[in-house]
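Engineer: See run-v3.txt below, with compact mmCIF, C-alpha atoms (C1' of nucleotides).
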# COMPACT_ATOMS: atom_id res chain seq x y z
CA MET A 283 -6.27 30.89 -9.96
CA GLN A 284 -4.36 27.91 -11.25
CA ILE A 285 -3.37 24.86 -9.28
CA GLY A 286 0.10 26.17 -8.55
CA GLU A 287 -1.29 29.26 -6.92
CA LEU A 288 -3.73 27.23 -4.84
CA ALA A 289 -0.85 25.03 -3.80
CA LYS A 290 1.16 28.04 -2.70
CA GLN A 291 -1.72 29.61 -0.78
CA SER A 292 -2.60 26.40 1.02
CA GLY A 293 0.89 25.05 1.51
CA CYS A 294 -0.20 21.83 -0.11
CA ASP A 295 1.61 20.01 -2.87
CA VAL A 296 0.18 20.28 -6.39
CA GLU A 297 0.13 16.52 -6.74
CA THR A 298 -1.75 16.18 -3.51
CA ILE A 299 -4.42 18.61 -4.64
CA ARG A 300 -4.99 16.56 -7.75
CA TYR A 301 -5.04 13.46 -5.59
CA TYR A 302 -7.70 14.92 -3.30
CA GLU A 303 -9.80 15.78 -6.29
CA LYS A 304 -9.58 12.24 -7.58
CA ALA A 305 -10.38 10.95 -4.10
CA GLY A 306 -13.54 13.04 -4.01
CA LEU A 307 -12.41 15.39 -1.25
CA LEU A 308 -12.38 18.43 -3.48
CA PRO A 309 -15.01 19.32 -6.08
CA LYS A 310 -13.88 19.27 -9.68
CA PRO A 311 -12.98 22.83 -10.62
CA ALA A 312 -13.77 24.59 -13.86
CA ARG A 313 -11.26 24.26 -16.66
CA SER A 314 -9.66 26.82 -18.90
CA PRO A 315 -9.99 26.28 -22.66
CA SER A 316 -6.64 24.53 -22.61
CA GLY A 317 -7.71 22.21 -19.81
CA TYR A 318 -6.03 23.96 -16.86
CA ARG A 319 -7.89 23.77 -13.56
CA ARG A 320 -9.39 27.11 -12.46
CA TYR A 321 -9.97 27.56 -8.75
CA ALA A 322 -11.99 30.12 -6.83
CA LYS A 323 -11.79 31.17 -3.18
CA GLU A 324 -14.22 28.48 -2.04
CA HIS A 325 -11.75 25.89 -3.17
CA LEU A 326 -9.10 27.28 -0.90
CA GLY A 327 -11.50 27.00 2.04
CA GLN A 328 -12.37 23.45 1.17
CA LEU A 329 -8.77 22.46 0.71
CA ASN A 330 -7.83 24.06 4.01
CA PHE A 331 -10.59 22.11 5.69
CA VAL A 332 -9.10 18.89 4.41
CA LEU A 333 -5.58 19.91 5.35
CA HIS A 334 -6.65 20.93 8.81
CA CYS A 335 -8.34 17.60 9.37
CA ARG A 336 -5.28 15.83 8.03
CA SER A 337 -3.10 17.75 10.46
CA LEU A 338 -5.26 16.11 13.11
CA ASP A 339 -4.38 12.83 11.45
CA MET A 340 -7.91 12.03 10.39
CA PRO A 341 -8.19 9.42 7.67
CA LEU A 342 -9.69 10.60 4.41
CA VAL A 343 -12.90 8.62 4.88
CA GLU A 344 -13.65 10.46 8.08
CA ILE A 345 -12.96 13.78 6.44
CA ARG A 346 -15.47 12.82 3.80
CA THR A 347 -17.97 12.13 6.58
CA LEU A 348 -17.37 15.56 8.07
CA GLN A 349 -17.86 17.12 4.67
CA SER A 350 -21.22 15.45 4.39
CA PHE A 351 -22.23 17.21 7.61
CA GLN A 352 -21.14 20.48 6.12
CA ALA A 353 -23.35 19.75 3.15
CA ASN A 354 -26.32 18.73 5.33
CA PRO A 355 -26.12 21.13 8.26
CA ASN A 356 -29.41 20.02 9.78
CA LEU A 357 -28.27 16.49 10.49
CA ALA A 358 -27.73 15.61 14.12
CA CYS A 359 -24.10 15.95 15.10
CA ALA A 360 -23.82 12.88 17.32
CA GLU A 361 -21.78 11.13 14.69
CA ILE A 362 -19.29 13.99 14.64
CA ASN A 363 -18.75 13.60 18.35
CA ALA A 364 -18.42 9.85 17.99
CA LEU A 365 -15.91 10.31 15.22
CA LEU A 366 -13.76 12.51 17.42
CA ASP A 367 -14.07 10.12 20.33
CA HIS A 368 -12.95 7.28 18.15
CA GLN A 369 -10.02 9.28 16.89
CA ILE A 370 -9.00 10.25 20.40
CA ALA A 371 -9.20 6.66 21.57
CA ARG A 372 -7.02 5.57 18.69
CA VAL A 373 -4.37 8.17 19.43
CA HIS A 374 -4.49 7.37 23.10
CA GLN A 375 -3.97 3.70 22.42
CA GLN A 376 -1.10 4.45 20.10
CA ILE A 377 0.60 6.59 22.68
CA LYS A 378 0.39 3.79 25.19
CA ALA A 379 1.80 1.30 22.73
CA MET A 380 4.59 3.68 21.80
CA HIS A 381 5.60 4.10 25.40
CA VAL A 382 5.88 0.36 25.81
CA LEU A 383 7.85 0.17 22.62
CA GLU A 384 10.21 2.88 23.73
CA LYS A 385 10.90 1.08 26.98
CA GLN A 386 11.57 -2.14 25.12
CA LEU A 387 13.94 -0.48 22.73
CA LEU A 388 15.80 1.29 25.50
CA ALA A 389 16.21 -1.95 27.44
CA LEU A 390 17.56 -3.63 24.35
CA ARG A 391 19.81 -0.69 23.57
CA ASP A 392 21.32 -0.94 27.00
CA ARG A 393 22.77 -4.37 26.20
CA CYS A 394 25.61 -2.96 24.18
CA HIS A 395 27.53 0.27 24.34
CA ASP A 396 30.76 -0.88 22.74
CA ASN A 397 31.91 -1.44 19.24
CA VAL A 398 32.56 -5.15 19.35
CA MET A 399 32.14 -8.07 17.00
CA ALA A 400 28.52 -8.68 16.11
CA SER A 401 28.66 -12.10 17.72
CA GLU A 402 29.52 -10.39 21.00
CA CYS A 403 26.97 -7.62 20.70
CA GLY A 404 24.47 -7.80 23.53
CA ILE A 405 21.73 -6.43 21.34
CA LEU A 406 22.04 -9.02 18.64
CA LYS A 407 22.62 -11.80 21.17
CA ASN A 408 19.44 -10.82 22.92
CA LEU A 409 17.43 -10.84 19.71
CA VAL A 410 18.78 -14.20 18.63
CA ASN A 411 18.26 -15.70 22.05
CA ALA A 412 14.67 -14.48 22.16
CA ALA A 413 14.00 -16.02 18.75
CA GLU A 414 15.11 -19.36 20.15
CA GLY A 415 12.60 -19.11 22.95
CA GLY A 416 14.91 -17.68 25.59
CA GLU A 417 14.38 -14.60 27.67
CA CYS A 418 14.82 -11.12 26.32
CA VAL A 419 15.21 -7.80 28.06
CA CYS A 420 12.87 -6.02 25.72
CA HIS A 421 9.89 -8.27 26.36
CA ALA A 422 10.69 -9.00 29.95
CA ASP A 423 7.34 -7.84 31.26
CA SER A 424 4.51 -9.35 29.27
CA ASN A 425 3.63 -6.24 27.34
CA GLU A 426 4.23 -7.72 23.92
CA HIS A 427 2.32 -7.06 20.77
CA LEU A 428 0.52 -4.02 22.08
CA LEU A 429 1.19 -2.16 18.91
CA PRO A 430 -1.79 -1.65 16.68
CA THR A 431 -1.17 -2.66 13.11
CA PRO A 432 -0.78 0.64 11.30
CA THR A 433 -2.79 -0.23 8.20
CA GLN A 434 -5.98 -1.44 9.89
CA PRO A 435 -6.75 0.08 13.27
CA MET B 1406 6.52 -29.46 9.15
CA GLN B 1407 4.23 -27.70 6.73
CA ILE B 1408 3.54 -24.02 6.58
CA GLY B 1409 0.35 -24.30 8.63
CA GLU B 1410 2.22 -25.91 11.49
CA LEU B 1411 4.96 -23.26 11.36
CA ALA B 1412 2.25 -20.64 11.41
CA LYS B 1413 0.67 -22.17 14.48
CA GLN B 1414 3.97 -22.53 16.34
CA SER B 1415 5.05 -18.97 15.59
CA GLY B 1416 1.69 -17.29 15.83
CA CYS B 1417 2.25 -15.79 12.41
CA ASP B 1418 -0.20 -15.88 9.56
CA VAL B 1419 0.47 -18.32 6.72
CA GLU B 1420 0.24 -15.56 4.14
CA THR B 1421 2.73 -13.50 6.08
CA ILE B 1422 5.23 -16.34 6.14
CA ARG B 1423 5.03 -16.63 2.37
CA TYR B 1424 5.35 -12.87 2.17
CA TYR B 1425 8.50 -12.89 4.29
CA GLU B 1426 9.97 -15.57 2.06
CA LYS B 1427 9.28 -13.51 -1.02
CA ALA B 1428 10.73 -10.46 0.72
CA GLY B 1429 13.95 -12.36 1.41
CA LEU B 1430 13.57 -12.45 5.19
CA LEU B 1431 13.23 -16.21 5.32
CA PRO B 1432 15.30 -18.71 3.33
CA LYS B 1433 13.41 -20.76 0.78
CA PRO B 1434 12.52 -24.06 2.40
CA ALA B 1435 12.69 -27.49 0.82
CA ARG B 1436 9.65 -28.70 -1.02
CA SER B 1437 7.72 -31.95 -0.87
CA PRO B 1438 7.19 -33.82 -4.15
CA SER B 1439 3.85 -32.10 -4.48
CA GLY B 1440 5.39 -28.68 -3.97
CA TYR B 1441 4.47 -28.09 -0.34
CA ARG B 1442 6.97 -26.14 1.72
CA ARG B 1443 8.86 -28.24 4.28
CA TYR B 1444 10.23 -26.41 7.31
CA ALA B 1445 12.71 -27.47 9.95
CA LYS B 1446 13.36 -26.08 13.43
CA GLU B 1447 15.85 -23.49 12.18
CA HIS B 1448 13.08 -21.89 10.23
CA LEU B 1449 11.04 -21.40 13.36
CA GLY B 1450 14.00 -19.61 14.95
CA GLN B 1451 14.48 -17.38 11.95
CA LEU B 1452 10.82 -16.56 11.73
CA ASN B 1453 10.69 -15.78 15.43
CA PHE B 1454 13.63 -13.45 14.98
CA VAL B 1455 11.74 -11.53 12.34
CA LEU B 1456 8.56 -11.48 14.40
CA HIS B 1457 10.40 -10.30 17.45
CA CYS B 1458 11.99 -7.45 15.52
CA ARG B 1459 8.61 -6.59 14.03
CA SER B 1460 7.11 -6.47 17.51
CA LEU B 1461 9.70 -3.76 18.14
CA ASP B 1462 8.30 -2.08 15.04
CA MET B 1463 11.46 -2.37 13.02
CA PRO B 1464 11.01 -1.98 9.29
CA LEU B 1465 11.85 -5.00 7.20
CA VAL B 1466 14.96 -3.40 5.71
CA GLU B 1467 16.47 -3.00 9.15
CA ILE B 1468 15.64 -6.58 10.02
CA ARG B 1469 17.50 -7.61 6.90
CA THR B 1470 20.47 -5.59 8.13
CA LEU B 1471 20.39 -7.36 11.47
CA GLN B 1472 20.25 -10.69 9.70
CA SER B 1473 23.38 -9.81 7.78
CA PHE B 1474 25.13 -9.34 11.12
CA GLN B 1475 23.95 -12.76 12.18
CA ALA B 1476 25.42 -14.15 9.00
CA ASN B 1477 28.71 -12.27 9.44
CA PRO B 1478 29.30 -12.39 13.19
CA ASN B 1479 32.75 -10.86 13.04
CA LEU B 1480 31.58 -7.54 11.68
CA ALA B 1481 31.79 -4.61 14.06
CA CYS B 1482 28.47 -3.97 15.75
CA ALA B 1483 28.49 -0.19 15.65
CA GLU B 1484 25.84 -0.21 12.99
CA ILE B 1485 23.56 -2.30 15.17
CA ASN B 1486 23.80 0.27 17.92
CA ALA B 1487 23.18 3.07 15.46
CA LEU B 1488 20.18 1.24 14.10
CA LEU B 1489 18.68 1.00 17.56
CA ASP B 1490 19.43 4.64 18.30
CA HIS B 1491 17.72 5.68 15.13
CA GLN B 1492 14.72 3.56 15.95
CA ILE B 1493 14.50 4.99 19.45
CA ALA B 1494 14.73 8.53 18.18
CA ARG B 1495 11.93 7.85 15.73
CA VAL B 1496 9.66 6.41 18.40
CA HIS B 1497 10.48 9.25 20.74
CA GLN B 1498 9.59 11.81 18.12
CA GLN B 1499 6.36 10.03 17.35
CA ILE B 1500 5.36 9.99 20.99
CA LYS B 1501 5.88 13.71 21.21
CA ALA B 1502 3.84 14.33 18.09
CA MET B 1503 1.08 12.07 19.35
CA HIS B 1504 0.85 13.96 22.61
CA VAL B 1505 0.39 17.20 20.74
CA LEU B 1506 -2.20 15.56 18.57
CA GLU B 1507 -4.09 14.22 21.54
CA LYS B 1508 -4.23 17.64 23.11
CA GLN B 1509 -5.51 19.14 19.88
CA LEU B 1510 -8.19 16.52 19.52
CA LEU B 1511 -9.31 16.90 23.11
CA ALA B 1512 -9.57 20.66 22.75
CA LEU B 1513 -11.66 20.21 19.65
CA ARG B 1514 -13.78 17.53 21.27
CA ASP B 1515 -14.58 19.90 24.09
CA ARG B 1516 -16.42 22.23 21.75
CA CYS B 1517 -19.51 20.06 21.61
CA HIS B 1518 -21.09 17.71 24.07
CA ASP B 1519 -24.64 17.86 22.84
CA ASN B 1520 -26.52 16.27 20.06
CA VAL B 1521 -27.47 19.30 18.03
CA MET B 1522 -27.76 20.19 14.39
CA ALA B 1523 -24.46 19.90 12.56
CA SER B 1524 -24.55 23.59 11.78
CA GLU B 1525 -24.58 24.28 15.52
CA CYS B 1526 -21.94 21.72 16.40
CA GLY B 1527 -18.93 23.44 17.95
CA ILE B 1528 -16.58 20.85 16.50
CA LEU B 1529 -17.66 21.30 12.94
CA LYS B 1530 -17.94 25.07 13.35
CA ASN B 1531 -14.40 25.16 14.60
CA LEU B 1532 -13.10 23.14 11.70
CA VAL B 1533 -14.92 25.22 9.14
CA ASN B 1534 -13.83 28.42 10.77
CA ALA B 1535 -10.22 27.33 10.80
CA ALA B 1536 -10.40 26.46 7.13
CA GLU B 1537 -11.47 29.99 6.44
CA GLY B 1538 -8.42 31.36 8.18
CA GLY B 1539 -10.02 31.93 11.59
CA GLU B 1540 -8.79 30.73 14.93
CA CYS B 1541 -9.19 27.19 16.08
CA VAL B 1542 -8.95 25.63 19.51
CA CYS B 1543 -7.01 22.65 18.28
CA HIS B 1544 -4.15 24.63 16.80
CA ALA B 1545 -4.26 27.42 19.30
CA ASP B 1546 -0.62 27.09 20.32
CA SER B 1547 1.59 26.94 17.30
CA ASN B 1548 2.33 23.24 17.48
CA GLU B 1549 0.99 22.39 14.10
CA HIS B 1550 2.25 19.85 11.67
CA LEU B 1551 4.54 18.13 14.12
CA LEU B 1552 3.36 14.76 12.94
CA PRO B 1553 5.87 12.85 10.89
CA THR B 1554 4.41 11.57 7.65
CA PRO B 1555 3.86 7.89 8.28
CA THR B 1556 5.01 6.62 4.89
CA GLN B 1557 8.40 8.31 4.79
CA PRO B 1558 9.99 9.03 8.15
C1' DT C 1470 -14.06 -46.22 -4.03
C1' DA C 1471 -16.13 -41.88 -3.92
C1' DC C 1472 -16.37 -37.81 -1.75
C1' DA C 1473 -15.69 -33.95 1.41
C1' DA C 1474 -12.93 -31.27 4.44
C1' DA C 1475 -8.82 -29.37 5.29
C1' DC C 1476 -4.76 -28.27 3.71
C1' DC C 1477 -1.44 -26.41 0.14
C1' DC C 1478 0.08 -23.73 -4.28
C1' DT C 1479 0.62 -19.37 -7.51
C1' DG C 1480 -0.11 -14.86 -9.30
C1' DG C 1481 -2.22 -10.78 -8.87
C1' DA C 1482 -5.09 -7.18 -6.89
C1' DG C 1483 -6.35 -4.29 -2.85
C1' DT C 1484 -5.26 -1.42 1.30
C1' DT C 1485 -3.55 4.14 2.82
C1' DA C 1486 -2.19 8.53 1.43
C1' DC C 1487 0.30 10.05 -1.11
C1' DT C 1488 4.81 10.74 -4.36
C1' DC C 1489 7.17 10.32 -8.61
C1' DT C 1490 7.82 9.50 -13.49
C1' DA C 1491 7.20 9.65 -18.45
C1' DG C 1492 5.55 11.87 -22.11
C1' DG C 1493 3.33 15.55 -23.69
C1' DG C 1494 0.66 20.33 -24.18
C1' DT C 1495 0.40 25.73 -23.05
C1' DC C 1496 1.86 30.33 -22.15
C1' DA C 1497 4.75 34.46 -21.54
C1' DA C 1498 8.87 36.56 -22.42
C1' DT C 1499 13.07 37.05 -25.05
C1' DA D 363 11.73 30.76 -32.71
C1' DT D 364 12.89 29.19 -28.58
C1' DT D 365 13.41 28.96 -23.64
C1' DG D 366 11.49 28.22 -19.13
C1' DA D 367 7.83 27.80 -16.16
C1' DC D 368 3.73 26.06 -15.82
C1' DC D 369 -0.01 22.60 -16.74
C1' DC D 370 -2.13 17.84 -18.16
C1' DT D 371 -2.89 12.45 -17.84
C1' DA D 372 -2.09 7.72 -16.78
C1' DG D 373 0.39 4.68 -14.41
C1' DA D 374 3.90 2.88 -11.24
C1' DG D 375 5.99 2.91 -6.65
C1' DT D 376 6.01 3.14 -1.40
C1' DA D 377 5.29 -0.45 3.48
C1' DA D 378 3.72 -4.47 5.10
C1' DC D 379 0.87 -7.06 4.55
C1' DT D 380 -4.15 -9.20 3.33
C1' DC D 381 -7.35 -11.28 0.35
C1' DC D 382 -8.90 -13.48 -3.73
C1' DA D 383 -9.54 -16.70 -7.66
C1' DG D 384 -8.60 -20.82 -9.42
C1' DG D 385 -6.46 -24.77 -8.90
C1' DG D 386 -3.86 -29.24 -6.80
C1' DT D 387 -3.10 -32.69 -2.59
C1' DT D 388 -3.99 -35.40 1.49
C1' DT D 389 -6.62 -37.54 4.86
C1' DG D 390 -10.62 -39.47 6.82
C1' DT D 391 -15.07 -41.34 6.40
C1' DA D 392 -19.23 -43.70 4.27
Would you encode the structure as structure tokens?
Structural biologist:
Amino acid sequence: MQIGELAKQSGCDVETIRYYEKAGLLPKPARSPSGYRRYAKEHLGQLNFVLHCRSLDMPLVEIRTLQSFQANPNLACAEINALLDHQIARVHQQIKAMHVLEKQLLALRDRCHDNVMASECGILKNLVNAAEGGECVCHADSNEHLLPTPTQP
Amino acid sequence: MQIGELAKQSGCDVETIRYYEKAGLLPKPARSPSGYRRYAKEHLGQLNFVLHCRSLDMPLVEIRTLQSFQANPNLACAEINALLDHQIARVHQQIKAMHVLEKQLLALRDRCHDNVMASECGILKNLVNAAEGGECVCHADSNEHLLPTPTQP
DNA sequence: TACAAACCCTGGAGTTACTCTAGGGTCAAT
DNA sequence: ATTGACCCTAGAGTAACTCCAGGGTTTGTA
């Protein structure tokens, strides 16, 4: 089958499939005489594996690790467990941070429910005041900066 | 004060300050004869404003919007409120998705608590099986793909 | 006065996981 | 012969930084 068919069967974008191939998450398929990629059933399985892992929000490097365990099935699986644990801890931490964030945003939101001039808006006033070292509703309890930086966890 | 001092007083990285300047979130400061940036107290306030908004996980574009309200204080503040509402909705949605994700990961994690061969590892077996169209513990209830794509919300 | 340490500068590349575009080739049907 | 749907590559763009190379400046010490 061609890439478009694989895309349809997996629900994955064509561009993304090509991207995964370049990233080493999918083996390079055979090519037709005109250079079109030709996929077999195994490719669908491998792509689905990647997509399933992605739906669990695993980064591509970790998916590559899991693939190496598929390739070497007699390796000890401790690292797989550790990988999951790490992932779970990360998600857990993010949930906590998000809850804090939500509370902060709601507190800030509560400062203005009218349509007034910006200079009278409780939200903006609070932000400006905080920037000048004053108190702010959103960071009232010292829960600041809990958020993990998204790019490097 | 020089950039290093501003960095220390704000708790922000030097590189990040330069980045914010380039991104138009901080006004270009005066320069010393040798080209060093010279900051005054106002700059600290403006930088803190940005940092505070960032600690609430606002994207830079929205911070720029808020700044325009600071610059034009007689504009109506409805957009500020809407901005917050949008932000809150986003966070709320993410929390929900994260909870689902956590449950999925925990279910998967539960499939293996030993250190066995990878081919016997319940986690890996489950992932492989799912890729082949079988059932999986993690996506048992049809809550798949709830996660918002991080790059375009 | 010579030198080192600590600071500052710019421009550009790297990070993640894609997405999109330009510019072009292939294939089946009309 | 041409249309439309499909395929190809290389490269740029996204968010919010971070890091690097390669260089200049300032301050303190020997």
Engineer: Hand me chain B as it sits after a least-squares fit onto chain A over every Cα, paired in order, written as a short mmCIF file (atom, residue, chain, number, x, y, z; two decimals) with C-alpha atoms, keeping the file's coordinate frame.
Structural biologist:
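Output file part.cif follows:
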data_model
loop_
_atom_site.label_atom_id
_atom_site.label_comp_id
_atom_site.auth_asym_id
_atom_site.auth_seq_id
_atom_site.Cartn_x
_atom_site.Cartn_y
_atom_site.Cartn_z
CA MET B 1406 -6.01 30.82 -9.93
CA GLN B 1407 -4.15 27.80 -11.21
CA ILE B 1408 -3.24 24.74 -9.25
CA GLY B 1409 0.27 25.98 -8.51
CA GLU B 1410 -1.07 29.11 -6.89
CA LEU B 1411 -3.58 27.12 -4.81
CA ALA B 1412 -0.73 24.88 -3.76
CA LYS B 1413 1.34 27.84 -2.66
CA GLN B 1414 -1.52 29.47 -0.75
CA SER B 1415 -2.47 26.27 1.05
CA GLY B 1416 0.98 24.85 1.54
CA CYS B 1417 -0.17 21.63 -0.07
CA ASP B 1418 1.62 19.81 -2.83
CA VAL B 1419 0.20 20.08 -6.35
CA GLU B 1420 0.09 16.32 -6.72
CA THR B 1421 -1.79 16.02 -3.46
CA ILE B 1422 -4.42 18.49 -4.60
CA ARG B 1423 -5.03 16.43 -7.72
CA TYR B 1424 -5.11 13.35 -5.54
CA TYR B 1425 -7.74 14.86 -3.26
CA GLU B 1426 -9.84 15.75 -6.29
CA LYS B 1427 -9.66 12.20 -7.56
CA ALA B 1428 -10.49 10.93 -4.08
CA GLY B 1429 -13.62 13.08 -4.02
CA LEU B 1430 -12.47 15.41 -1.24
CA LEU B 1431 -12.39 18.45 -3.48
CA PRO B 1432 -15.00 19.38 -6.08
CA LYS B 1433 -13.84 19.33 -9.68
CA PRO B 1434 -12.88 22.87 -10.61
CA ALA B 1435 -13.62 24.66 -13.86
CA ARG B 1436 -11.13 24.30 -16.64
CA SER B 1437 -9.45 26.83 -18.89
CA PRO B 1438 -9.76 26.30 -22.65
CA SER B 1439 -6.44 24.51 -22.57
CA GLY B 1440 -7.59 22.20 -19.79
CA TYR B 1441 -5.89 23.86 -16.84
CA ARG B 1442 -7.76 23.73 -13.55
CA ARG B 1443 -9.22 27.07 -12.45
CA TYR B 1444 -9.79 27.54 -8.73
CA ALA B 1445 -11.74 30.15 -6.81
CA LYS B 1446 -11.54 31.19 -3.16
CA GLU B 1447 -14.04 28.55 -2.04
CA HIS B 1448 -11.63 25.91 -3.16
CA LEU B 1449 -8.95 27.27 -0.88
CA GLY B 1450 -11.38 27.01 2.05
CA GLN B 1451 -12.31 23.46 1.18
CA LEU B 1452 -8.72 22.43 0.74
CA ASN B 1453 -7.77 24.03 4.03
CA PHE B 1454 -10.56 22.11 5.70
CA VAL B 1455 -9.13 18.86 4.43
CA LEU B 1456 -5.59 19.84 5.38
CA HIS B 1457 -6.67 20.87 8.83
CA CYS B 1458 -8.41 17.56 9.39
CA ARG B 1459 -5.36 15.74 8.06
CA SER B 1460 -3.16 17.64 10.49
CA LEU B 1461 -5.36 16.05 13.16
CA ASP B 1462 -4.52 12.74 11.49
CA MET B 1463 -8.04 11.98 10.42
CA PRO B 1464 -8.35 9.38 7.69
CA LEU B 1465 -9.83 10.58 4.44
CA VAL B 1466 -13.05 8.63 4.91
CA GLU B 1467 -13.78 10.49 8.11
CA ILE B 1468 -13.05 13.80 6.45
CA ARG B 1469 -15.59 12.86 3.82
CA THR B 1470 -18.08 12.21 6.61
CA LEU B 1471 -17.44 15.62 8.09
CA GLN B 1472 -17.92 17.19 4.69
CA SER B 1473 -21.30 15.55 4.40
CA PHE B 1474 -22.28 17.31 7.62
CA GLN B 1475 -21.16 20.59 6.13
CA ALA B 1476 -23.36 19.88 3.15
CA ASN B 1477 -26.34 18.88 5.31
CA PRO B 1478 -26.14 21.28 8.25
CA ASN B 1479 -29.42 20.21 9.78
CA LEU B 1480 -28.32 16.67 10.49
CA ALA B 1481 -27.82 15.79 14.13
CA CYS B 1482 -24.18 16.07 15.13
CA ALA B 1483 -23.94 13.01 17.33
CA GLU B 1484 -21.92 11.24 14.72
CA ILE B 1485 -19.39 14.06 14.66
CA ASN B 1486 -18.86 13.69 18.37
CA ALA B 1487 -18.57 9.94 18.04
CA LEU B 1488 -16.06 10.36 15.26
CA LEU B 1489 -13.89 12.54 17.46
CA ASP B 1490 -14.20 10.15 20.38
CA HIS B 1491 -13.12 7.29 18.21
CA GLN B 1492 -10.18 9.26 16.94
CA ILE B 1493 -9.13 10.22 20.45
CA ALA B 1494 -9.36 6.66 21.65
CA ARG B 1495 -7.19 5.52 18.77
CA VAL B 1496 -4.52 8.12 19.48
CA HIS B 1497 -4.63 7.33 23.16
CA GLN B 1498 -4.12 3.66 22.50
CA GLN B 1499 -1.26 4.38 20.16
CA ILE B 1500 0.47 6.54 22.73
CA LYS B 1501 0.28 3.76 25.25
CA ALA B 1502 1.67 1.24 22.80
CA MET B 1503 4.46 3.60 21.82
CA HIS B 1504 5.50 4.05 25.42
CA VAL B 1505 5.79 0.32 25.84
CA LEU B 1506 7.75 0.13 22.64
CA GLU B 1507 10.11 2.86 23.72
CA LYS B 1508 10.83 1.08 26.96
CA GLN B 1509 11.51 -2.15 25.11
CA LEU B 1510 13.86 -0.47 22.69
CA LEU B 1511 15.73 1.31 25.45
CA ALA B 1512 16.18 -1.91 27.39
CA LEU B 1513 17.54 -3.57 24.29
CA ARG B 1514 19.75 -0.61 23.48
CA ASP B 1515 21.29 -0.84 26.91
CA ARG B 1516 22.77 -4.23 26.13
CA CYS B 1517 25.59 -2.81 24.06
CA HIS B 1518 27.48 0.43 24.21
CA ASP B 1519 30.69 -0.68 22.61
CA ASN B 1520 31.83 -1.22 19.11
CA VAL B 1521 32.55 -4.92 19.18
CA MET B 1522 32.14 -7.84 16.85
CA ALA B 1523 28.52 -8.49 15.96
CA SER B 1524 28.72 -11.89 17.57
CA GLU B 1525 29.58 -10.19 20.86
CA CYS B 1526 27.00 -7.44 20.54
CA GLY B 1527 24.51 -7.66 23.41
CA ILE B 1528 21.73 -6.32 21.22
CA LEU B 1529 22.07 -8.90 18.53
CA LYS B 1530 22.71 -11.66 21.05
CA ASN B 1531 19.52 -10.74 22.81
CA LEU B 1532 17.50 -10.79 19.64
CA VAL B 1533 18.89 -14.11 18.54
CA ASN B 1534 18.41 -15.60 21.95
CA ALA B 1535 14.81 -14.46 22.07
CA ALA B 1536 14.16 -16.00 18.69
CA GLU B 1537 15.32 -19.29 20.06
CA GLY B 1538 12.80 -19.12 22.86
CA GLY B 1539 15.12 -17.63 25.50
CA GLU B 1540 14.53 -14.57 27.60
CA CYS B 1541 14.90 -11.09 26.27
CA VAL B 1542 15.26 -7.77 28.02
CA CYS B 1543 12.90 -6.01 25.68
CA HIS B 1544 9.94 -8.28 26.34
CA ALA B 1545 10.78 -8.99 29.92
CA ASP B 1546 7.41 -7.86 31.27
CA SER B 1547 4.62 -9.41 29.32
CA ASN B 1548 3.66 -6.31 27.38
CA GLU B 1549 4.20 -7.77 23.99
CA HIS B 1550 2.28 -7.13 20.85
CA LEU B 1551 0.43 -4.13 22.18
CA LEU B 1552 1.09 -2.24 18.99
CA PRO B 1553 -1.92 -1.79 16.79
CA THR B 1554 -1.27 -2.83 13.21
CA PRO B 1555 -0.87 0.44 11.37
CA THR B 1556 -2.79 -0.52 8.23
CA GLN B 1557 -5.99 -1.69 9.88
CA PRO B 1558 -6.79 -0.12 13.24
#
Engineer: Could you please tell me, as a ChimeraX atom specification, which residues of chain D have an atom within 12 Å of chain A when using all atoms listed in the file?
Structural biologist: /D:367-371,377-380
Engineer: Around (8.7, 8.9, -16.9), as given in the file, which residues come within 12 Å? Count only C-alpha atoms (C1' of nucleotides) and list them as a ChimeraX atom specification.
Structural biologist: /C:1489-1493 /D:372-374
Engineer: Would you work out the distance separating atom CA of B:Val1419 from atom CA of A:Gln375, expressed in Å to one decimal?
Structural biologist: 27.4 Å
Engineer: Could you build a table of the residues in chain B lying no more than 6 Å from chain A, giving for each the nearest pair of atoms and their separation in Å rounded to one decimal place, using all atoms listed in the file, ordered by chain and ascending residue number, as a Markdown table?
Structural biologist:
| residue | atom | partner | partner_atom | distance |
| --- | --- | --- | --- | --- |
| B:Gly1450 | CA | A:Ala413 | CA | 5.2 |
| B:Asn1453 | CA | A:Ala413 | CA | 4.7 |
| B:Phe1454 | CA | A:Ala413 | CA | 4.6 |
| B:Ser1460 | CA | A:His427 | CA | 5.8 |
| B:Pro1478 | CA | A:Ser401 | CA | 4.6 |
| B:Asn1479 | CA | A:Met399 | CA | 4.9 |
| B:Leu1480 | CA | A:Met399 | CA | 5.4 |
| B:Ala1481 | CA | A:Met399 | CA | 4.6 |
| B:Cys1482 | CA | A:Ala400 | CA | 4.7 |
| B:Ala1483 | CA | A:Asn397 | CA | 5.1 |
| B:Asn1520 | CA | A:Ala360 | CA | 5.1 |
| B:Val1521 | CA | A:Ala358 | CA | 5.4 |
| B:Met1522 | CA | A:Ala358 | CA | 4.6 |
| B:Ala1523 | CA | A:Cys359 | CA | 4.7 |
| B:Ser1524 | CA | A:Pro355 | CA | 4.6 |
| B:Ala1536 | CA | A:Phe331 | CA | 4.6 |
| B:Glu1537 | CA | A:Gly327 | CA | 5.3 |
| B:His1550 | CA | A:Ser337 | CA | 5.9 |
